[in-house]
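Comments concern the structure below.
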Amino acid sequence: MNASDVNRPEVLVEVRAAFERYEAALVGNDVETLDELFWASPLTVRYGATENLYGRDAIIAFRKARSPQNLARTLQNTVITTFGSDFATACTEFLRPPGTKIGRQTQTWVRTGEGWRVVAAHVSLLQV
């Protein structure tokens with residue numbers, strides 16, 4: 001891979017838009033959009049702060065059972081990196097008021113026939 005393949009401006013714009021759409025859906029509890037943005041595959045993985053989910057069906061079931069309360073958060077130190085035109089990572093930290101923990105979120109995005117989709121995600125919390 002050439003250095004010019006990393007963070008191509010047009011690809012970075014696309015992934016940032018998908019990431020921001022995901023974030024808006026997350027804090028707005030738009031479960032339909034959250035489900036849409038995960039790759040529709042049993043190979044999709046989401047490691048959460050308290051759960052390990054294997055396959056999109058498990059992720060959908062988790063979203064349906066999750067409380068819609070206290071979803072607001074502030075992002076910081078977000079880094080989105082694209083590689084070529086079809087692969088990207090998005091890493092960010094988040095704070096939920098009045099929280100005492102810093103959350104960390106990593107997403108692996110792949111361009112599919114349906115658009116950009118999360119194929120793997122990891123969420124964890126740090127004590128502050």
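In the structure tokens, the first chain shown is A, the next is B, and so on; residue numbers restart at 1 for each chain, and ligands run from 1 in the order shown.
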
- [ ] Run DSSP on the backbone and give me the residues of region 39-107 of chain A it puts in helix (DSSP H, G or I), as JSON, numbers by chain.
- [x] {"A": [56, 57, 58, 59, 60, 61, 62, 63, 64, 65]}

Contact check, region 47-76 of chain A to region 17-26 of chain A, at most 12 Å, counting only C-alpha atoms, closest pairs as JSON lines:
{"residue": "A:Arg63", "atom": "CA", "partner": "A:Leu26", "partner_atom": "CA", "distance": 9.8}
{"residue": "A:Arg66", "atom": "CA", "partner": "A:Leu26", "partner_atom": "CA", "distance": 11.2}
{"residue": "A:Ser67", "atom": "CA", "partner": "A:Leu26", "partner_atom": "CA", "distance": 11.7}
{"residue": "A:Pro68", "atom": "CA", "partner": "A:Leu26", "partner_atom": "CA", "distance": 9.4}
{"residue": "A:Gln69", "atom": "CA", "partner": "A:Leu26", "partner_atom": "CA", "distance": 11.3}
{"residue": "A:Asn70", "atom": "CA", "partner": "A:Leu26", "partner_atom": "CA", "distance": 10.9}
{"residue": "A:Leu71", "atom": "CA", "partner": "A:Leu26", "partner_atom": "CA", "distance": 7.2}
{"residue": "A:Ala72", "atom": "CA", "partner": "A:Leu26", "partner_atom": "CA", "distance": 8.6}
{"residue": "A:Arg73", "atom": "CA", "partner": "A:Glu23", "partner_atom": "CA", "distance": 9.4}
{"residue": "A:Thr74", "atom": "CA", "partner": "A:Glu23", "partner_atom": "CA", "distance": 10.1}
{"residue": "A:Leu75", "atom": "CA", "partner": "A:Glu23", "partner_atom": "CA", "distance": 9.3}

Open item on the list: Under the rule that only C-alpha atoms are counted, which of A:Ala3, A:Val79, A:Phe94, A:Gly84 is the nearest residue to Arg16 (chain A)?
Closed with: A:Val79

Return as a compact mmCIF listing (two decimals) with C-alpha atoms, in the first residue's frame the full set of residues in chain A whose backbone-based DSSP assignment is strand (DSSP E or B).
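Output file out06.txt is given in full below:
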# COMPACT_ATOMS: atom_id res chain seq x y z
CA VAL A 6 -4.07 6.31 3.26
CA PHE A 38 -23.56 -3.23 11.04
CA VAL A 45 -18.31 -9.02 16.06
CA ARG A 46 -19.08 -6.41 18.73
CA TYR A 47 -17.29 -6.51 22.06
CA ASN A 52 -19.45 -10.14 23.67
CA LEU A 53 -21.68 -10.34 20.61
CA TYR A 54 -21.04 -12.64 17.68
CA THR A 74 -19.27 13.70 24.17
CA LEU A 75 -16.57 12.44 21.83
CA GLN A 76 -12.90 13.35 22.01
CA ASN A 77 -9.69 12.28 20.30
CA THR A 78 -11.50 10.76 17.32
CA VAL A 79 -9.15 9.30 14.71
CA ILE A 80 -10.51 7.97 11.43
CA THR A 81 -8.06 6.33 9.06
CA THR A 82 -8.90 4.97 5.64
CA PHE A 83 -6.84 2.47 3.65
CA PHE A 87 -11.45 -0.19 4.43
CA ALA A 88 -11.25 2.11 7.45
CA THR A 89 -10.91 2.28 11.20
CA ALA A 90 -12.55 4.77 13.54
CA CYS A 91 -11.28 5.16 17.09
CA THR A 92 -12.66 7.57 19.64
CA GLU A 93 -12.94 8.29 23.33
CA PHE A 94 -16.25 9.29 24.90
CA LEU A 95 -17.57 10.75 28.13
CA LYS A 101 -15.11 6.82 33.27
CA ILE A 102 -13.66 7.44 29.85
CA GLY A 103 -15.08 5.15 27.21
CA ARG A 104 -13.14 3.91 24.22
CA GLN A 105 -14.69 2.79 20.96
CA THR A 106 -13.03 1.20 17.95
CA GLN A 107 -14.87 0.35 14.75
CA THR A 108 -13.65 -1.40 11.62
CA TRP A 109 -15.57 -0.20 8.55
CA VAL A 110 -15.72 -1.90 5.14
CA ARG A 111 -17.41 -0.67 1.99
CA THR A 112 -20.04 -3.24 0.95
CA GLY A 115 -22.46 1.12 1.64
CA TRP A 116 -20.08 1.48 4.59
CA ARG A 117 -20.71 -1.08 7.34
CA VAL A 118 -19.13 -1.88 10.71
CA VAL A 119 -17.66 -5.39 10.58
CA ALA A 120 -16.06 -5.31 14.03
CA ALA A 121 -16.44 -3.03 17.04
CA HIS A 122 -15.02 -2.80 20.54
CA VAL A 123 -16.22 -0.64 23.44
CA SER A 124 -14.46 -0.45 26.80
CA LEU A 125 -14.34 1.83 29.84
CA LEU A 126 -11.42 3.23 31.84
CA GLN A 127 -11.61 4.31 35.48

Open item on the list: Considering only C-alpha atoms, can you say which of A:Gly48, A:Thr100, A:Lys64, A:Ala58 comes closest to Asp30 (chain A)?
Closed with: A:Lys64

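One distance worth recording is that between CA of Glu36 (chain A) and CA of Ala65 (chain A), which is 16.8 Å.
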
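Among A:Ala40, A:Arg96, A:Ile59, A:Ser85, the residue with the shortest atom-to-atom distance to Val11 (chain A), counting only C-alpha atoms, is A:Ser85.
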